[in-house]
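What follows is the content of coords_12.txt (compact mmCIF, C-alpha atoms).
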```txt
# COMPACT_ATOMS: atom_id res chain seq x y z
CA ALA A 733 -7.83 -18.83 16.28
CA ALA A 734 -5.39 -16.29 14.84
CA VAL A 735 -7.29 -16.07 11.56
CA LEU A 736 -10.64 -15.67 13.33
CA ALA A 737 -9.18 -12.91 15.50
CA ALA A 738 -7.50 -11.14 12.58
CA PHE A 739 -10.30 -11.36 10.01
CA PRO A 740 -12.60 -8.63 11.44
CA HIS A 741 -9.68 -6.18 11.44
CA THR A 742 -8.99 -6.88 7.77
CA LEU A 743 -12.55 -6.40 6.51
CA PRO A 744 -11.95 -2.75 5.46
CA VAL A 745 -8.88 -3.92 3.54
CA LEU A 746 -10.95 -6.62 1.85
CA MET A 747 -13.44 -4.01 0.67
CA GLY A 748 -10.72 -1.69 -0.61
CA PHE A 749 -8.61 -4.39 -2.23
CA ALA A 750 -11.67 -5.92 -3.88
CA CYS A 751 -12.21 -2.64 -5.71
CA LEU A 752 -8.58 -1.78 -6.43
CA GLY A 753 -7.52 -5.32 -7.27
CA LEU A 754 -10.39 -5.84 -9.68
CA THR A 755 -9.59 -2.53 -11.33
CA TYR A 756 -5.93 -3.46 -11.64
CA GLY A 757 -6.77 -6.78 -13.29
CA VAL A 758 -9.17 -5.08 -15.71
CA LEU A 759 -6.55 -2.48 -16.66
CA MET A 760 -3.96 -5.20 -17.24
CA ALA A 761 -6.42 -7.03 -19.48
CA SER A 762 -7.11 -3.82 -21.41
CA LYS A 763 -3.38 -3.68 -22.29
CA GLY A 764 -3.38 -7.24 -23.54
CA TYR A 765 -2.14 -9.02 -20.42
CA GLY A 766 -4.26 -11.96 -19.31
CA PRO A 767 -5.31 -12.91 -15.77
CA LEU A 768 -2.18 -15.02 -15.22
CA TRP A 769 -0.02 -11.92 -15.63
CA SER A 770 -2.14 -10.02 -13.12
CA LEU A 771 -1.86 -12.93 -10.70
CA LEU A 772 1.94 -13.16 -11.04
CA MET A 773 2.47 -9.40 -10.77
CA SER A 774 0.40 -9.20 -7.59
CA ALA A 775 1.88 -12.35 -6.06
CA ILE A 776 5.54 -11.54 -6.79
CA ALA A 777 5.79 -7.75 -7.09
CA PHE A 778 2.97 -6.93 -4.63
CA GLY A 779 3.57 -3.25 -5.10
CA GLY A 780 0.06 -1.79 -5.02
CA SER A 781 0.34 1.65 -6.59
CA MET A 782 3.56 0.68 -8.36
CA GLN A 783 1.69 -2.10 -10.11
CA TYR A 784 -0.59 0.52 -11.63
CA VAL A 785 2.45 2.49 -12.79
CA ALA A 786 4.02 -0.70 -14.15
CA ILE A 787 1.13 -1.13 -16.57
CA SER A 788 2.46 1.78 -18.61
CA LEU A 789 6.05 0.55 -18.25
CA LEU A 790 5.02 -2.78 -19.77
CA THR A 791 3.73 -1.06 -22.91
CA ILE A 792 6.94 0.86 -23.74
CA PRO A 793 10.49 -0.27 -24.59
CA PHE A 794 12.10 -1.76 -21.47
CA ASP A 795 14.33 0.66 -19.57
CA PRO A 796 15.76 -0.99 -16.41
CA LEU A 797 17.03 2.26 -14.91
CA GLN A 798 13.71 4.03 -15.41
CA ALA A 799 11.83 1.09 -13.93
CA PHE A 800 14.13 1.01 -10.89
CA LEU A 801 13.95 4.73 -10.21
CA MET A 802 10.19 4.81 -10.70
CA SER A 803 9.73 1.89 -8.33
CA LEU A 804 11.95 3.58 -5.75
CA MET A 805 10.08 6.87 -5.96
CA VAL A 806 6.61 5.35 -5.81
CA ASN A 807 7.32 2.87 -3.02
CA ALA A 808 9.96 4.76 -1.03
CA ARG A 809 7.49 5.04 1.83
CA HIS A 810 8.04 1.33 2.51
CA LEU A 811 11.58 2.16 3.62
CA PHE A 812 10.28 4.50 6.30
CA TYR A 813 7.47 2.49 7.82
CA GLY A 814 9.26 -0.83 7.27
CA LEU A 815 12.06 0.23 9.61
CA SER A 816 9.55 1.09 12.30
CA MET A 817 8.24 -2.49 12.24
CA LEU A 818 11.59 -4.13 13.03
CA PRO A 819 11.12 -3.98 16.84
CA LYS A 820 7.59 -5.41 16.59
CA TYR A 821 8.73 -8.24 14.32
CA ARG A 822 11.79 -9.13 16.40
CA GLY A 823 11.78 -12.74 17.55
CA MET A 824 9.23 -13.87 14.97
CA GLY A 825 11.51 -16.56 13.54
CA ARG A 826 10.94 -17.64 9.96
CA ALA A 827 7.59 -15.88 9.93
CA ARG A 828 9.44 -12.56 9.82
CA ASP A 829 10.44 -13.14 6.18
CA VAL A 830 6.78 -13.46 5.23
CA LEU A 831 5.80 -10.48 7.38
CA VAL A 832 8.45 -8.30 5.72
CA PHE A 833 7.72 -9.38 2.13
CA MET A 834 3.95 -9.00 2.44
CA LEU A 835 3.98 -5.73 4.38
CA CYS A 836 1.86 -3.03 2.75
CA ASP A 837 0.26 0.25 3.80
CA GLU A 838 -2.94 -1.34 5.00
CA THR A 839 -1.24 -4.15 6.91
CA PHE A 840 1.07 -1.60 8.51
CA SER A 841 -1.89 0.46 9.69
CA ILE A 842 -3.62 -2.54 11.25
CA THR A 843 -0.57 -4.01 12.96
CA CYS A 844 0.42 -0.64 14.39
CA SER A 845 -3.00 0.10 15.85
CA THR A 846 -4.13 -3.38 16.95
CA ASP A 847 -2.88 -5.60 19.75
CA PRO A 848 -3.29 -9.38 19.57
CA PRO A 849 -5.88 -11.01 21.85
CA GLU A 850 -4.58 -12.59 25.02
CA ASN A 851 -5.19 -16.14 23.79
CA VAL A 852 -3.44 -15.66 20.42
CA PRO A 853 0.37 -15.44 20.02
CA ALA A 854 1.51 -12.14 18.51
CA ARG A 855 3.38 -13.91 15.71
CA ASP A 856 0.29 -15.85 14.61
CA PHE A 857 -1.96 -12.79 14.86
CA TYR A 858 0.28 -10.52 12.78
CA LEU A 859 0.96 -13.31 10.31
CA ALA A 860 -2.76 -13.91 9.85
CA ILE A 861 -3.39 -10.20 9.17
CA THR A 862 -0.52 -10.04 6.71
CA VAL A 863 -1.44 -13.18 4.76
CA LEU A 864 -5.13 -12.30 4.61
CA ASP A 865 -4.43 -8.85 3.18
CA TYR A 866 -2.01 -10.38 0.68
CA LEU A 867 -4.54 -12.98 -0.47
CA TYR A 868 -7.23 -10.31 -0.85
CA TRP A 869 -5.05 -8.37 -3.29
CA VAL A 870 -3.80 -11.37 -5.27
CA THR A 871 -7.25 -12.91 -5.60
CA ALA A 872 -8.93 -9.65 -6.61
CA SER A 873 -6.24 -8.98 -9.22
CA PHE A 874 -6.74 -12.41 -10.76
CA LEU A 875 -10.53 -12.05 -10.82
CA GLY A 876 -10.16 -8.60 -12.35
CA GLY A 877 -8.01 -10.09 -15.08
CA LEU A 878 -10.70 -12.66 -15.81
CA LEU A 879 -13.38 -9.97 -15.82
CA GLY A 880 -11.32 -7.65 -18.01
CA GLY A 881 -11.06 -10.30 -20.69
CA LEU A 882 -14.85 -10.31 -20.96
CA LEU A 883 -15.45 -6.56 -21.06
CA THR A 884 -15.78 -4.60 -24.28
CA ALA A 885 -16.62 -1.18 -22.76
CA ASP A 886 -14.38 1.90 -22.94
CA LEU A 887 -12.13 1.86 -19.84
CA THR A 888 -10.70 5.37 -20.21
CA GLY A 889 -10.26 7.01 -16.80
CA LEU A 890 -10.62 3.81 -14.81
CA ASP A 891 -7.10 4.16 -13.39
CA PHE A 892 -8.32 7.27 -11.49
CA VAL A 893 -9.74 4.90 -8.87
CA LEU A 894 -6.41 4.89 -7.01
CA THR A 895 -6.34 8.68 -6.76
CA ALA A 896 -9.95 8.66 -5.60
CA LEU A 897 -9.20 6.14 -2.87
CA ILE A 898 -6.27 8.15 -1.52
CA PHE A 899 -8.42 11.29 -1.46
CA VAL A 900 -11.17 9.46 0.46
CA LEU A 901 -8.60 8.21 2.99
CA PHE A 902 -7.34 11.75 3.42
CA LEU A 903 -10.86 13.03 4.08
CA GLU A 904 -11.35 10.28 6.65
CA LYS A 905 -8.21 11.41 8.49
CA TRP A 906 -9.30 15.04 8.23
CA GLU A 907 -12.47 14.31 10.18
CA HIS A 908 -10.34 13.69 13.29
CA ARG A 909 -9.05 17.02 14.58
CA ALA A 910 -5.97 15.41 16.15
CA ASP A 911 -4.86 14.06 12.75
CA ARG A 912 -5.17 17.35 10.87
CA PRO A 913 -1.68 18.73 11.64
CA SER A 914 0.02 15.63 10.23
CA ALA A 915 -2.30 15.70 7.21
CA LEU A 916 -1.40 19.34 6.55
CA ILE A 917 2.29 18.51 6.86
CA GLY A 918 1.88 15.86 4.18
CA VAL A 919 0.01 18.19 1.81
CA ALA A 920 2.42 21.10 2.32
CA ALA A 921 5.50 18.90 1.81
CA ALA A 922 4.05 17.40 -1.36
CA VAL A 923 3.09 20.79 -2.85
CA ILE A 924 6.44 22.43 -2.06
CA CYS A 925 8.49 19.50 -3.37
CA LEU A 926 6.31 19.28 -6.48
CA ALA A 927 7.08 22.93 -7.21
CA LEU A 928 10.81 22.46 -6.58
CA PHE A 929 11.50 19.07 -8.15
CA GLY A 930 8.73 18.57 -10.68
CA GLN A 931 6.20 15.80 -11.11
CA SER A 932 8.73 13.07 -11.85
CA GLY A 933 11.04 13.67 -8.89
CA PHE A 934 9.08 15.07 -5.96
CA ILE A 935 8.03 11.88 -4.15
CA ILE A 936 11.29 10.97 -2.37
CA PRO A 937 12.07 14.57 -1.27
CA ALA A 938 8.48 14.95 -0.04
CA MET A 939 8.77 11.72 1.95
CA GLY A 940 11.99 12.95 3.50
CA VAL A 941 10.45 16.29 4.47
CA ILE A 942 7.38 14.58 5.94
CA LEU A 943 9.53 12.16 7.94
CA ALA A 944 11.72 14.96 9.29
CA ALA A 945 8.72 17.13 10.20
CA LEU A 946 6.92 14.29 11.96
CA LEU A 947 10.03 13.29 13.89
CA LEU A 948 10.76 16.86 14.98
CA GLY A 949 7.18 17.50 15.99
CA ARG A 950 6.30 14.04 17.32
CA LYS A 951 5.87 15.26 20.93
CA LYS A 952 3.21 17.77 19.98
CA LEU A 953 1.59 15.58 17.31
CA CYS A 954 1.26 12.59 19.66
CA ARG A 955 -0.50 14.45 22.46
```
Could you spell out this file's structure in structure tokens?
Amino acid sequence: AAVLAAFPHTLPVLMGFACLGLTYGVLMASKGYGPLWSLLMSAIAFGGSMQYVAISLLTIPFDPLQAFLMSLMVNARHLFYGLSMLPKYRGMGRARDVLVFMLCDETFSITCSTDPPENVPARDFYLAITVLDYLYWVTASFLGGLLGGLLTADLTGLDFVLTALIFVLFLEKWEHRADRPSALIGVAAAVICLALFGQSGFIIPAMGVILAALLLGRKKLCR
């Protein structure tokens, strides 16, 4: 019952992950890493955008400090929205470990905006959403790795798909007038921090500025 109730809410994620996961697997294959590597990276790391960045890290001499700092900068947003999920996941028992490990941007969006049906326990509903989204990504990555091993075409520029997706999501938010102030805050913070800290170090400061601005202006933004 939980899976049947959760599945319709995860359909947009399935569509997005099918595209991004396949692309990730193909890119991994283009660097010489077979489908098993794509499967393991998605199943264990499950870092989304960081997995794309990690493709380049795998092709250069290993630098643990660089890998750690890059992972922190790219996925620092998880620290912010992960903390906000602690009250919702309180009392979930052992399921909370799975909910925390498999939490991603898309799962966060669904669980924050969707309430479980009356006949489905909250734990089962949120767990179903989380596991479904996770399986979408892992499966698509593996299939992309299989597909990438068969392709012989030039794949230059294929990694731009992630940037394109983020831009489309931004445009979707921009269509709603109530969401425009928060969208502008995000853009302004990113541009200012990019100018101050450079391309390699602007993500964490930008996240901090966005968090502070949203917290200070939450009363007006939530009207």
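One finds CA of Cys844 (chain A) at 13.2 Å from CA of Leu831 (chain A).
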Counting only C-alpha atoms, which residues sit no farther than 7 Å from the position (-6.4, -10.3, 7.0) in the file's frame? I'd like them as a PyMOL selection string.
chain A and resi 738-739+741-742+860-865
Please provide as number ranges by chain all residues within 12 Å of Val919 (chain A), with the sequence filter that same-chain residues fewer than 5 positions apart are discarded (counting all atoms listed in the file).
A: 899, 902, 906, 912-914, 924-926, 935, 938-939, 941-942
For a test of reading the model, state the distance in Å between CA of Thr755 (chain A) and CA of Ala872 (chain A), rounded to one decimal.
8.6 Å
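Residue nearest Phe892 (chain A) within the list A:Leu759, A:Ala737, A:Met834, A:Leu768: A:Leu759 [criterion: smallest interatomic distance, only C-alpha atoms].
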Would you work out the distance separating CA of Val785 (chain A) from CA of Gly757 (chain A), expressed in Å to one decimal?
13.1 Å
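Distances from A:Ile842, A:Val870, A:Leu879, A:Ala761 to Met817 (chain A) were compared using only C-alpha atoms, and the smallest one belongs to A:Ile842.
Nearest to Gly881 (chain A) of all the residues A:Leu743, A:Ile898, A:Ala945, A:Leu754 is A:Leu754, based on only C-alpha atoms.
Minimum atom-to-atom distances from A:Asp886, A:Gly949, A:Tyr866, A:Ala915 to Leu746 (chain A) were compared using only C-alpha atoms, and the lowest value belongs to A:Tyr866.
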Do you know which residues are at most 12 Å from Ala799 (chain A) counting only C-alpha atoms, after dropping those on the same chain fewer than 4 positions away, and could you put them as a CSV table (one decimal) with C-alpha atoms, in the coordinates of the input?
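To be explicit, this is the file written out as selection.csv:
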```csv
chain,number,residue,atom,x,y,z
A,782,MET,CA,3.6,0.7,-8.4
A,783,GLN,CA,1.7,-2.1,-10.1
A,785,VAL,CA,2.4,2.5,-12.8
A,786,ALA,CA,4.0,-0.7,-14.2
A,787,ILE,CA,1.1,-1.1,-16.6
A,788,SER,CA,2.5,1.8,-18.6
A,789,LEU,CA,6.0,0.6,-18.2
A,790,LEU,CA,5.0,-2.8,-19.8
A,792,ILE,CA,6.9,0.9,-23.7
A,793,PRO,CA,10.5,-0.3,-24.6
A,794,PHE,CA,12.1,-1.8,-21.5
A,795,ASP,CA,14.3,0.7,-19.6
A,803,SER,CA,9.7,1.9,-8.3
A,804,LEU,CA,12.0,3.6,-5.8
A,805,MET,CA,10.1,6.9,-6.0
A,806,VAL,CA,6.6,5.4,-5.8
A,807,ASN,CA,7.3,2.9,-3.0
```
Restricting the calculation to only C-alpha atoms, which member of A:Thr791, A:Thr839, A:Ser845, A:Ser873 is positioned closest to Trp769 (chain A)?
A:Ser873
My list of candidates is A:Phe857, A:Phe934, A:Tyr784, A:Phe812. Which is closest to Leu752 (chain A) when distances are computed with only C-alpha atoms?
A:Tyr784
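Residues surrounding region 822-826 of chain A within 6 Å are Pro819, Asp829 and Arg855 of chain A [only C-alpha atoms; sequence separation below 3 positions excluded].
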Set the distance at 12 Å and use all atoms listed in the file: which residues neighbour Leu811 (chain A) once local chain neighbours fewer than 2 positions away are removed? I'd like the list as a list in words.
Leu804, Met805, Val806, Asn807, Ala808, Arg809, Tyr813, Gly814, Leu815, Ser816, Met817, Leu818, Val832, Leu835, Cys836, Asp837, Ile936, Met939, Gly940 and Leu943 of chain A
Output as a short mmCIF file (atom, residue, chain, number, x, y, z; two decimals), in the frame of the given file: region 772-784 of chain A, completed with N, CA and C atoms.
```cif
data_model
loop_
_atom_site.label_atom_id
_atom_site.label_comp_id
_atom_site.auth_asym_id
_atom_site.auth_seq_id
_atom_site.Cartn_x
_atom_site.Cartn_y
_atom_site.Cartn_z
N LEU A 772 0.50 -13.10 -11.32
CA LEU A 772 1.94 -13.16 -11.04
C LEU A 772 2.48 -11.81 -10.57
N MET A 773 2.02 -10.73 -11.18
CA MET A 773 2.47 -9.40 -10.77
C MET A 773 2.09 -9.13 -9.33
N SER A 774 0.85 -9.46 -8.95
CA SER A 774 0.40 -9.20 -7.59
C SER A 774 1.07 -10.13 -6.59
N ALA A 775 1.29 -11.38 -6.98
CA ALA A 775 1.88 -12.35 -6.06
C ALA A 775 3.37 -12.11 -5.84
N ILE A 776 4.08 -11.68 -6.88
CA ILE A 776 5.54 -11.54 -6.79
C ILE A 776 5.95 -10.09 -6.50
N ALA A 777 5.42 -9.15 -7.30
CA ALA A 777 5.79 -7.75 -7.09
C ALA A 777 5.09 -7.17 -5.87
N PHE A 778 3.78 -7.40 -5.76
CA PHE A 778 2.97 -6.93 -4.63
C PHE A 778 3.30 -5.49 -4.27
N GLY A 779 3.17 -4.63 -5.28
CA GLY A 779 3.57 -3.25 -5.10
C GLY A 779 2.44 -2.25 -5.04
N GLY A 780 1.18 -2.72 -5.13
CA GLY A 780 0.06 -1.79 -5.02
C GLY A 780 0.09 -0.71 -6.08
N SER A 781 0.34 0.52 -5.66
CA SER A 781 0.34 1.65 -6.59
C SER A 781 1.38 1.49 -7.67
N MET A 782 2.53 0.87 -7.35
CA MET A 782 3.56 0.68 -8.36
C MET A 782 3.09 -0.28 -9.44
N GLN A 783 2.22 -1.20 -9.10
CA GLN A 783 1.69 -2.10 -10.11
C GLN A 783 0.86 -1.34 -11.14
N TYR A 784 0.15 -0.32 -10.69
CA TYR A 784 -0.59 0.52 -11.63
C TYR A 784 0.38 1.25 -12.56
#
```
